[in-house]
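Read the structure below first, then the notes.
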Amino acid sequence: MSDVLYFNGRFTTTDERVLGVEDRGFQFGDAIYEVFKFLGRRPAFLLDHYRRMNQGLGEIEIRNPWTEETFTATMRELLERTEFEDGIVYLQVTRGEAARNHFWPENLEPTVVAYSRRFAFPDVAKKERGIRVITTVDHRWNRCDVKSVNLLGNAIAKKEAQRAGADEAILLAGGFVREGASSSFFAVRNGSLITHSLDEHILPGVVRDRVIGLALGAKIRVDERPLREAELFDLDEAFITSTTQGVMPVTGIDGRVLRNNRRGELTGRLQQLFDQLELRS
Ligand code: PLP
């Protein structure tokens, strides 16, 4: 079955080849993307995703084709046309199509693409078992706060993790931990959470932000600071967060076993709180 595709103001399916080869998203990675989750055709944290996209588009001077209202209405229509209940929507706004040249023309019409996809979200067993990660060098560009489609550094790190039998790569730079190749990273030490502060080195994760809010609401201390690489050897618990994985325990780092290979208590608590919040969002 082909998926529903929204393309520049009309609905079609992913069977239709819609993009021109001189689209700047394709040739220059000149585009912003988002991924949100839906359950029972209801989008989770939709406006959080809209606001991050709006911020990213503004940073690289691409005109946002949507307002909050038109975005919400378009995404709801996409989900109504979708034939399954749970999944993700991938959406991308590129600067547009023009004869290839690094200098972009002013007033280009952005290209807009959004489609729904089935997704195998982690089940109860996986959420308890957790994942193993490796650490590797962060080779990405210096504006990781902008969710651009330049994901080569992320994809290479992810492949390295896969080849090492792990699920995620944790990116390091200058002796500090930044984030996962497609997730935010949290350490737990003495009952407190530690996660990288918001700056140009990490993506402002939607789930990261929600989990920090939940932790503070539960009187759990949160230190937003870069974790030293050496601190990875002395953690009580660790987890990653992302739209597709939610709160996912990390039970092994570079082949070392954490917490006897079990989900930590605080991680389990936050996982439960987050899952409840997501259903209500
Ligand atoms: N960091 C990176 C580099 C990512 O690619 C992602 C998600 O794809 C995240 C963090 C998590 O962000 P979110 O919680 O908004 O899904």
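Scheme for the structure tokens: letters A, B, ... for chains in order shown; per-chain residue numbers from 1; ligand numbers from 1 in order shown.
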**Asked** How would you write, as a list of chain:residue names, the set of residues no farther than 6 Å from ligand 1 when counting only C-alpha atoms and all ligand atoms?
**Response**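 Residues lying within 6 Å of ligand 1: A:Gly180, A:Ala181, A:Ser182, A:Ser183, A:Ser184, A:Leu203, A:Gly205, A:Val206, A:Val207, A:Arg208, A:Thr241, A:Ser242, A:Thr243.
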**Request:** Name the residues of stretch 150-208 of chain A that fall into strand (DSSP E or B) according to DSSP on the backbone, using the chain letters and numbers of this document, as a ChimeraX atom specification.
**Result:** /A:168-173,176-180,183-189,192-195
**Item:** Shell of 8 Å around stretch 111-128 of chain A, only C-alpha atoms, local chain residues under 5 positions omitted, as a PyMOL selection string
**Value:** chain A and resi 3-9+14+23+78-79+82+84+86-97+244-245+247-249+262-263+268
**Residue neighbourhood stretch 264-266 of chain A, 8 Å, only C-alpha atoms, exclusion window fewer than 6 positions, as a list of chain:residue names** =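 Residues meeting the cut-off are A:Val188, A:Gly191, A:Asp236, A:Glu237, A:Ala238, A:Pro249.
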May I have the selected residues written with N, CA and C atoms, as a CSV table (one decimal), in the first residue's frame?
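In the end it all went to out.csv:
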chain,number,residue,atom,x,y,z
A,188,VAL,N,22.0,9.6,34.5
A,188,VAL,CA,21.5,9.7,35.9
A,188,VAL,C,22.6,9.4,36.9
A,191,GLY,N,20.6,10.4,41.7
A,191,GLY,CA,19.2,10.8,41.7
A,191,GLY,C,18.9,12.0,40.8
A,236,ASP,N,24.8,6.0,37.2
A,236,ASP,CA,23.9,5.1,37.8
A,236,ASP,C,22.9,4.6,36.7
A,237,GLU,N,22.5,5.4,35.8
A,237,GLU,CA,21.6,5.0,34.8
A,237,GLU,C,21.8,5.9,33.6
A,238,ALA,N,21.3,5.5,32.4
A,238,ALA,CA,21.4,6.4,31.3
A,238,ALA,C,20.2,6.1,30.4
A,249,PRO,N,15.8,3.2,27.8
A,249,PRO,CA,17.0,2.9,28.7
A,249,PRO,C,18.2,2.6,27.9
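Coordinates place atom CA of A:Arg76 at a distance of 27.6 Å from atom CA of A:Asn150.
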**Message:** Would you pick out the contacts of A:Glu61 at 12 Å or less, using only C-alpha atoms, so that residues sharing its chain but fewer than 4 positions from it are not included, and give the list as an NGL selection string?
**Reply:** :A and (30-32 or 53-57 or 93-95 or 104-108 or 110 or 146)
Written selection (N, CA and C atoms) as a short mmCIF file (atom, residue, chain, number, x, y, z; two decimals), in the first residue's frame:
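File produced: again_29.cif:
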data_model
loop_
_atom_site.label_atom_id
_atom_site.label_comp_id
_atom_site.auth_asym_id
_atom_site.auth_seq_id
_atom_site.Cartn_x
_atom_site.Cartn_y
_atom_site.Cartn_z
N ASP A 30 19.46 22.01 1.55
CA ASP A 30 18.97 23.34 1.93
C ASP A 30 17.50 23.21 2.36
N ALA A 31 17.30 22.61 3.53
CA ALA A 31 15.93 22.27 3.93
C ALA A 31 15.87 21.95 5.42
N ILE A 32 14.69 22.08 5.96
CA ILE A 32 14.41 21.73 7.35
C ILE A 32 13.42 20.57 7.34
N MET A 53 10.25 23.73 13.94
CA MET A 53 10.43 23.90 12.49
C MET A 53 10.44 25.39 12.13
N ASN A 54 9.53 26.13 12.71
CA ASN A 54 9.43 27.57 12.44
C ASN A 54 10.74 28.27 12.82
N GLN A 55 11.29 27.89 13.97
CA GLN A 55 12.55 28.46 14.44
C GLN A 55 13.68 28.13 13.47
N GLY A 56 13.76 26.86 13.05
CA GLY A 56 14.83 26.41 12.13
C GLY A 56 14.72 27.10 10.78
N LEU A 57 13.50 27.23 10.26
CA LEU A 57 13.30 27.91 8.97
C LEU A 57 13.76 29.36 9.08
N VAL A 93 10.56 21.01 4.46
CA VAL A 93 10.37 22.27 3.72
C VAL A 93 11.73 22.64 3.15
N THR A 94 11.85 22.70 1.82
CA THR A 94 13.13 23.08 1.21
C THR A 94 13.03 24.52 0.72
N ARG A 95 14.19 25.10 0.41
CA ARG A 95 14.17 26.49 -0.05
C ARG A 95 13.46 26.60 -1.40
N TRP A 104 21.38 31.62 -3.68
CA TRP A 104 19.98 31.33 -3.96
C TRP A 104 19.23 32.59 -4.37
N PRO A 105 18.29 32.45 -5.30
CA PRO A 105 17.48 33.61 -5.68
C PRO A 105 16.57 33.99 -4.51
N GLU A 106 16.28 35.28 -4.39
CA GLU A 106 15.32 35.71 -3.36
C GLU A 106 13.92 35.27 -3.78
N ASN A 107 13.04 35.17 -2.81
CA ASN A 107 11.62 34.89 -3.06
C ASN A 107 11.35 33.58 -3.78
N LEU A 108 12.17 32.58 -3.53
CA LEU A 108 11.86 31.25 -4.07
C LEU A 108 10.63 30.70 -3.36
N PRO A 110 9.02 27.88 -1.46
CA PRO A 110 9.51 26.66 -0.79
C PRO A 110 8.80 25.40 -1.31
N VAL A 146 19.73 23.49 14.45
CA VAL A 146 18.84 23.62 13.29
C VAL A 146 18.60 22.23 12.71
#
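Each of A:Val21, A:Leu277, A:Arg81, A:His49 was compared to A:Gly213 using only C-alpha atoms, and A:Leu277 turns out to be the nearest.
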**Item:** Distance query A:Gly174 at most 10 Å, only C-alpha atoms, self and fewer than 6 positions along chain excluded, as a ChimeraX atom specification
**Value:** /A:137-138,228-229
